[in-house]
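**Student:** So here's my_file.cif, just mmCIF, C-alpha atoms:
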data_target
#
loop_
_atom_site.label_atom_id
_atom_site.label_comp_id
_atom_site.auth_asym_id
_atom_site.auth_seq_id
_atom_site.Cartn_x
_atom_site.Cartn_y
_atom_site.Cartn_z
CA MET A 16 -10.58 8.02 -188.62
CA SER A 17 -12.58 7.50 -185.46
CA ASN A 18 -11.30 8.68 -182.13
CA GLN A 19 -11.04 5.10 -180.98
CA GLN A 20 -8.98 4.06 -184.00
CA GLN A 21 -6.59 6.91 -183.22
CA VAL A 22 -6.15 5.56 -179.70
CA PHE A 23 -5.45 2.06 -181.07
CA ASN A 24 -2.86 3.47 -183.49
CA LYS A 25 -1.24 5.50 -180.74
CA ILE A 26 -0.88 2.40 -178.58
CA LEU A 27 0.66 0.45 -181.49
CA MET A 28 3.05 3.31 -182.18
CA LEU A 29 4.28 3.42 -178.58
CA ILE A 30 5.05 -0.29 -178.27
CA PRO A 31 8.84 -0.43 -178.18
CA GLN A 32 9.30 -3.94 -179.60
CA ALA A 33 10.37 -4.23 -183.25
CA PRO A 34 10.62 -7.14 -185.71
CA PRO A 35 11.64 -9.89 -185.53
CA PHE A 36 10.40 -9.67 -181.94
CA ARG A 37 7.22 -7.66 -182.34
CA PHE A 38 4.09 -9.73 -181.82
CA ILE A 39 1.15 -7.36 -182.09
CA ASP A 40 -0.60 -6.20 -185.27
CA GLU A 41 -3.89 -4.81 -184.03
CA VAL A 42 -5.63 -3.40 -181.01
CA ILE A 43 -9.31 -4.35 -181.33
CA PHE A 44 -10.80 -3.10 -178.08
CA VAL A 45 -9.65 -1.31 -174.97
CA ASP A 46 -11.15 0.17 -171.83
CA ASP A 47 -10.00 0.47 -168.22
CA SER A 48 -10.67 -3.17 -167.46
CA GLN A 49 -9.77 -5.04 -170.66
CA LEU A 50 -7.66 -4.92 -173.83
CA ILE A 51 -8.14 -7.15 -176.88
CA GLY A 52 -5.50 -7.38 -179.58
CA ALA A 53 -4.36 -9.69 -182.37
CA TYR A 54 -1.28 -11.03 -184.11
CA THR A 55 -0.85 -13.15 -187.23
CA PHE A 56 2.19 -15.42 -187.28
CA LYS A 57 4.13 -15.06 -190.52
CA GLU A 58 5.05 -18.23 -192.37
CA ASP A 59 8.75 -17.30 -192.12
CA GLU A 60 9.08 -16.27 -188.43
CA PHE A 61 12.71 -16.85 -187.37
CA PHE A 62 11.91 -19.51 -184.76
CA TYR A 63 10.14 -21.91 -187.13
CA LYS A 64 13.51 -22.86 -188.67
CA GLY A 65 14.52 -24.64 -185.49
CA HIS A 66 11.20 -25.34 -183.72
CA PHE A 67 11.10 -27.81 -185.38
CA PRO A 68 13.02 -28.54 -188.59
CA SER A 69 10.39 -29.55 -191.21
CA ASN A 70 7.68 -29.44 -188.49
CA PRO A 71 7.12 -25.78 -187.56
CA ILE A 72 5.09 -25.15 -184.38
CA THR A 73 4.99 -21.85 -182.48
CA PRO A 74 7.03 -22.24 -179.26
CA GLY A 75 5.18 -21.79 -175.96
CA VAL A 76 7.67 -19.12 -174.95
CA ILE A 77 6.66 -17.12 -178.03
CA LEU A 78 2.94 -17.56 -177.26
CA THR A 79 3.73 -16.21 -173.78
CA GLU A 80 5.55 -13.25 -175.37
CA VAL A 81 2.54 -12.54 -177.62
CA MET A 82 0.29 -12.54 -174.55
CA ALA A 83 2.73 -10.23 -172.73
CA GLN A 84 3.12 -7.73 -175.60
CA ILE A 85 -0.64 -7.45 -176.10
CA GLY A 86 -1.89 -8.11 -172.57
CA LEU A 87 0.74 -6.18 -170.59
CA VAL A 88 2.71 -3.79 -172.83
CA ALA A 89 -0.16 -2.51 -175.00
CA PHE A 90 -2.58 -2.50 -172.05
CA GLY A 91 -0.04 -0.80 -169.77
CA ILE A 92 0.56 1.94 -172.36
CA TYR A 93 -3.19 2.56 -172.49
CA LEU A 94 -3.67 2.52 -168.72
CA ILE A 95 -0.89 5.08 -168.24
CA ASN A 96 -2.03 7.34 -171.08
CA GLY A 97 -5.80 6.89 -171.19
CA PHE A 98 -8.00 8.45 -173.85
CA GLY A 99 -6.89 11.89 -175.02
CA ASN A 100 -4.65 12.60 -172.05
CA LYS A 101 -1.05 13.64 -172.24
CA LEU A 102 1.10 11.19 -174.06
CA GLN A 103 3.99 9.60 -172.23
CA GLU A 104 6.33 8.59 -175.02
CA ASP A 105 9.03 6.59 -173.35
CA ILE A 106 7.30 3.90 -171.34
CA LYS A 107 9.27 0.78 -170.58
CA MET A 108 7.68 -2.28 -169.13
CA VAL A 109 9.53 -5.23 -167.68
CA PHE A 110 7.98 -8.66 -167.63
CA THR A 111 8.02 -9.86 -164.00
CA SER A 112 6.09 -13.13 -163.87
CA SER A 113 3.90 -15.54 -165.77
CA GLN A 114 1.91 -18.65 -165.12
CA VAL A 115 0.60 -20.02 -168.40
CA ASN A 116 -1.29 -23.15 -169.47
CA PHE A 117 -0.92 -24.28 -173.11
CA ILE A 118 -3.92 -26.02 -174.62
CA GLN A 119 -3.60 -25.95 -178.42
CA ALA A 120 -0.76 -25.78 -180.97
CA VAL A 121 -0.40 -22.67 -183.16
CA LEU A 122 0.97 -23.16 -186.69
CA PRO A 123 2.66 -20.74 -189.13
CA GLY A 124 0.17 -18.32 -190.71
CA GLU A 125 -2.37 -18.53 -187.88
CA ARG A 126 -4.02 -15.42 -186.46
CA VAL A 127 -4.50 -15.30 -182.70
CA VAL A 128 -6.61 -12.98 -180.59
CA VAL A 129 -5.46 -12.09 -177.08
CA LYS A 130 -7.81 -10.87 -174.37
CA SER A 131 -6.38 -9.42 -171.19
CA GLN A 132 -8.37 -8.42 -168.11
CA LYS A 133 -6.85 -6.23 -165.43
CA GLN A 134 -6.63 -7.79 -161.98
CA TYR A 135 -4.96 -4.70 -160.64
CA PHE A 136 -2.72 -1.84 -161.71
CA ARG A 137 -1.13 -0.38 -158.61
CA PHE A 138 2.29 0.95 -157.65
CA LYS A 139 3.25 0.64 -161.35
CA LYS A 140 2.57 -3.11 -161.42
CA LEU A 141 0.04 -4.48 -163.88
CA LYS A 142 -1.32 -7.95 -163.22
CA CYS A 143 -3.73 -9.52 -165.71
CA ASN A 144 -5.69 -12.63 -166.51
CA THR A 145 -4.91 -13.26 -170.16
CA GLN A 146 -6.30 -15.68 -172.77
CA MET A 147 -5.35 -16.44 -176.37
CA TYR A 148 -7.84 -17.75 -178.96
CA ASN A 149 -7.26 -19.11 -182.49
CA ILE A 150 -9.31 -18.33 -185.61
CA LYS A 151 -11.86 -21.03 -184.66
CA ASP A 152 -12.30 -19.19 -181.34
CA GLU A 153 -10.75 -22.10 -179.46
CA LEU A 154 -8.69 -21.36 -176.36
CA VAL A 155 -4.98 -21.74 -177.19
CA CYS A 156 -3.50 -20.75 -173.85
CA ASP A 157 -4.37 -18.78 -170.75
CA GLY A 158 -2.71 -17.59 -167.62
CA GLN A 159 -1.70 -14.80 -165.30
CA LEU A 160 0.93 -12.27 -166.34
CA SER A 161 2.55 -9.39 -164.50
CA GLY A 162 4.77 -6.51 -165.50
CA MET A 163 6.17 -3.34 -163.99
CA ILE A 164 6.34 0.08 -165.62
CA ILE A 165 9.80 1.57 -165.48
CA GLU A 166 10.17 5.31 -165.80
CA ASN A 167 13.14 6.45 -167.82
CA ASN A 168 14.09 9.30 -165.52
CA LYS A 169 14.86 6.86 -162.71
CA MET B 705 -3.16 -4.09 -125.84
CA THR B 706 0.06 -2.51 -124.67
CA GLU B 707 2.32 -0.81 -127.21
CA GLN B 708 4.80 -3.69 -127.05
CA ILE B 709 2.19 -6.33 -127.80
CA ILE B 710 0.86 -4.28 -130.72
CA GLN B 711 4.37 -4.02 -132.18
CA LYS B 712 4.93 -7.75 -131.79
CA ASP B 713 1.56 -8.43 -133.41
CA ILE B 714 2.41 -6.27 -136.45
CA HIS B 715 5.82 -7.92 -136.76
CA ASP B 716 4.32 -11.42 -136.62
CA LYS B 717 1.62 -10.65 -139.18
CA LEU B 718 4.19 -9.05 -141.47
CA LYS B 719 6.33 -12.17 -141.27
CA ILE B 720 3.41 -14.35 -142.35
CA ILE B 721 2.75 -12.01 -145.30
CA ILE B 722 6.38 -12.02 -146.47
CA LYS B 723 7.04 -15.75 -146.11
CA PRO B 724 5.48 -16.98 -149.40
CA TYR B 725 7.75 -14.63 -151.38
CA VAL B 726 11.02 -15.81 -149.81
CA ASN B 727 12.83 -18.97 -150.87
CA ASP B 728 15.63 -18.95 -148.30
CA GLU B 729 14.26 -20.23 -145.00
CA ASN B 730 17.39 -19.24 -143.08
CA VAL B 731 17.09 -15.51 -143.82
CA MET B 732 13.43 -15.76 -143.04
CA GLU B 733 14.26 -17.19 -139.59
CA GLN B 734 16.66 -14.33 -138.96
CA LEU B 735 14.22 -11.63 -140.00
CA HIS B 736 14.97 -8.47 -138.01
CA GLU B 737 14.27 -4.75 -138.06
CA GLU B 738 17.02 -3.84 -140.52
CA THR B 739 16.21 -6.65 -142.98
CA ASP B 740 16.00 -5.15 -146.48
CA PHE B 741 13.33 -6.80 -148.63
CA ILE B 742 15.23 -6.52 -151.91
CA LYS B 743 18.86 -6.91 -150.78
CA ASP B 744 18.44 -9.45 -147.96
CA LEU B 745 15.35 -11.38 -148.99
CA ASN B 746 15.84 -11.30 -152.79
CA ILE B 747 12.27 -10.08 -153.28
CA ASN B 748 11.84 -8.33 -156.64
CA SER B 749 10.00 -5.04 -156.95
CA ALA B 750 6.94 -6.74 -158.47
CA HIS B 751 6.60 -9.05 -155.47
CA LEU B 752 7.13 -6.09 -153.20
CA VAL B 753 3.93 -4.66 -154.72
CA ASP B 754 2.10 -7.90 -153.86
CA ILE B 755 3.40 -7.69 -150.30
CA ILE B 756 2.12 -4.11 -150.00
CA LEU B 757 -1.29 -5.18 -151.35
CA ASP B 758 -1.36 -8.03 -148.79
CA ILE B 759 -0.43 -5.58 -146.03
CA GLU B 760 -3.34 -3.33 -147.06
CA GLU B 761 -5.73 -6.25 -146.82
CA VAL B 762 -4.46 -7.79 -143.58
CA PHE B 763 -4.24 -4.48 -141.69
CA ASP B 764 -7.23 -2.88 -143.42
CA ILE B 765 -5.25 0.23 -144.38
CA GLU B 766 -4.52 2.12 -147.58
CA ILE B 767 -0.93 2.69 -148.62
CA ASP B 768 -0.24 5.68 -150.89
CA ASP B 769 2.45 5.73 -153.60
CA GLU B 770 4.83 7.81 -151.50
CA SER B 771 4.69 5.42 -148.52
CA ALA B 772 5.00 2.39 -150.80
CA GLU B 773 8.27 3.70 -152.19
CA LYS B 774 9.69 3.90 -148.66
CA MET B 775 8.66 0.38 -147.65
CA LEU B 776 12.02 -1.24 -148.31
CA THR B 777 12.89 -2.64 -144.86
CA VAL B 778 11.02 -4.42 -142.08
CA LYS B 779 11.51 -1.34 -139.89
CA GLU B 780 10.03 1.06 -142.43
CA ALA B 781 7.15 -1.30 -143.19
CA ILE B 782 6.23 -1.53 -139.49
CA ARG B 783 6.55 2.25 -139.07
CA ILE B 784 4.24 2.90 -142.04
CA ILE B 785 1.71 0.25 -140.94
CA ASN B 786 1.64 1.87 -137.48
CA GLU B 787 1.18 5.31 -138.99
CA LYS B 788 -1.71 4.19 -141.21
CA ILE B 789 -3.44 2.29 -138.40
CA THR B 790 -3.23 5.43 -136.25
CA ASP B 791 -4.59 7.59 -139.10
CA ARG B 792 -7.53 5.25 -139.48
CA LYS B 793 -8.59 5.55 -135.84
#
Give the structure from the file, written as structure tokens.

**Tutor:**
Amino acid sequence: MSNQQQVFNKILMLIPQAPPFRFIDEVIFVDDSQLIGAYTFKEDEFFYKGHFPSNPITPGVILTEVMAQIGLVAFGIYLINGFGNKLQEDIKMVFTSSQVNFIQAVLPGERVVVKSQKQYFRFKKLKCNTQMYNIKDELVCDGQLSGMIIENNK
Amino acid sequence: MTEQIIQKDIHDKLKIIIKPYVNDENVMEQLHEETDFIKDLNINSAHLVDIILDIEEVFDIEIDDESAEKMLTVKEAIRIINEKITDRK
């Protein structure tokens, strides 16, 4: 396993969210300025039952959550830990704001790729420009997201 | 500039920086030394970071983590801005 793959796995391992509210499968790329990750929506995600009956479409609030888990949580874990440095196990990140534009619908079974560029990471706040693309590489949604790292000993 | 004018200038600039993050115009009007950003102005900690970044830009200073953690009231913010401006000179 390459060193980079180990870093990706470590990030995935440290993400606190669990099913049915875990929306990241892969980390594809990461450096100090950008993280790219992906998620494939299962055909039987819990929200498709009601959104909408016999016409399942991924809710915008879930697309926002996918962008936040990949673009803020995964990225924040990397930015705090870096490559090969000491591992901080219990990182918590709270979602503090979002401004998102929705362009395309996402249906059950679709794979989406999220790209998140750091605007700044200071005083424990991470602010990013984040975009989501579908399998045809079309822009699904984009926006600005922010989160704050919370340390458990406080 | 005399000391008093400098203080007034910092206070006025700070008020302009804070305003976009506050919804309640009344509290904003009554902004005073003891005003607490989080308790009195309902500013969350994430917006407080944005305010500190704006302060850095407007006053051309650099705020370290330790000072940022203390910047919870108007009084403390002005004290720290003063301190950093003096350090810069």

**Student:** Please indicate the distance in Å from CA of Val76 (chain A) to CA of Phe62 (chain A), rounded to one decimal place.

**Tutor:**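 One can read the CA of Val76 (chain A) to CA of Phe62 (chain A) distance as 10.7 Å.
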
**Student:** Per residue of chain A within 8 Å of chain B, what are the shortest atom pair and its distance in Å to one decimal, counting all atoms listed in the file, with rows by chain and residue number, as CSV?

**Tutor:**
residue,atom,partner,partner_atom,distance
A:Thr111,CA,B:Ala750,CA,6.4
A:Arg137,CA,B:Val753,CA,7.7
A:Phe138,CA,B:Asp769,CA,6.3
A:Lys140,CA,B:Ala750,CA,6.4
A:Ser161,CA,B:Ala750,CA,7.9
A:Gly162,CA,B:Ala750,CA,7.4
A:Met163,CA,B:Ala750,CA,6.5

**Student:** Which residues would end up in the selection if the PyMOL selection byres ((chain A and resi 86-94) around 8) were applied here, given that I need the answer as a VMD selection string?

**Tutor:** chain A and resid 26 to 27 29 to 30 45 47 49 to 52 82 to 85 95 to 98 106 108 129 to 132 141 to 143 145 160 to 162 164

**Student:** Enter the distance from CA of Tyr135 (chain A) to CA of Phe110 (chain A), in Å, rounded to one decimal.

**Tutor:** 15.2 Å

**Student:** Take the PyMOL selection byres ((chain B and resi 785) around 12), run it mentally on this structure, and tell me the resulting residues as number ranges by chain.

**Tutor:** B: 710-711, 713-715, 717-718, 756, 758-768, 771-772, 774-775, 778-784, 786-792

**Student:** Put the listed atoms of region 125-129 of chain A in a box along x, y and z with 8 Å added on every side and give me the centre and edge lengths in Å to one decimal, as AutoDock Vina command-line options.

**Tutor:**
--center_x -4.5 --center_y -15.3 --center_z -182.5 --size_x 20.2 --size_y 22.4 --size_z 26.8

**Student:** Just want the 8 Å neighbourhood of region 722-731 of chain B, counted on all atoms listed in the file, with same-chain residues fewer than 6 positions away dropped. Output as a VMD selection string.

**Tutor:** chain B and resid 744 to 747 751 755

**Student:** So how many Å separate CA of Lys57 (chain A) and CA of Ser113 (chain A), to one decimal?

**Tutor:**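 Taking CA of Lys57 (chain A) and CA of Ser113 (chain A), their separation equals 24.8 Å.
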
**Student:** On this structure, the PyMOL selection byres ((chain A and resi 72) around 9) would catch which residues? List them as a list in words, sorted by chain and number.

**Tutor:**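 So the PyMOL selection byres ((chain A and resi 72) around 9) ends up selecting Phe62, Tyr63, His66, Phe67, Asn70, Pro71, Thr73, Pro74, Ala120, Val121, Leu122 and Pro123 of chain A.
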
**Student:** Once you count only C-alpha atoms, which residues end up no further than 10 Å from (-8.9, -24.4, -185.0) in the file's frame, shown as an mmCIF file with C-alpha atoms, in the coordinates of the input?

**Tutor:**
data_model
loop_
_atom_site.group_PDB
_atom_site.id
_atom_site.type_symbol
_atom_site.label_atom_id
_atom_site.label_comp_id
_atom_site.auth_asym_id
_atom_site.auth_seq_id
_atom_site.Cartn_x
_atom_site.Cartn_y
_atom_site.Cartn_z
ATOM 1 C CA GLN A 119 -3.600 -25.950 -178.420
ATOM 2 C CA ALA A 120 -0.760 -25.780 -180.970
ATOM 3 C CA VAL A 121 -0.400 -22.670 -183.160
ATOM 4 C CA GLU A 125 -2.370 -18.530 -187.880
ATOM 5 C CA TYR A 148 -7.840 -17.750 -178.960
ATOM 6 C CA ASN A 149 -7.260 -19.110 -182.490
ATOM 7 C CA ILE A 150 -9.310 -18.330 -185.610
ATOM 8 C CA LYS A 151 -11.860 -21.030 -184.660
ATOM 9 C CA ASP A 152 -12.300 -19.190 -181.340
ATOM 10 C CA GLU A 153 -10.750 -22.100 -179.460
ATOM 11 C CA LEU A 154 -8.690 -21.360 -176.360
ATOM 12 C CA VAL A 155 -4.980 -21.740 -177.190
#

**Student:** Measuring atom to atom with all atoms listed in the file, identify which of A:Lys133, A:Lys64, A:Lys25, A:Lys107 is nearest to Glu166 (chain A).

**Tutor:**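 Between A:Lys133, A:Lys64, A:Lys25, A:Lys107, the residue approaching Glu166 (chain A) most closely is A:Lys107.
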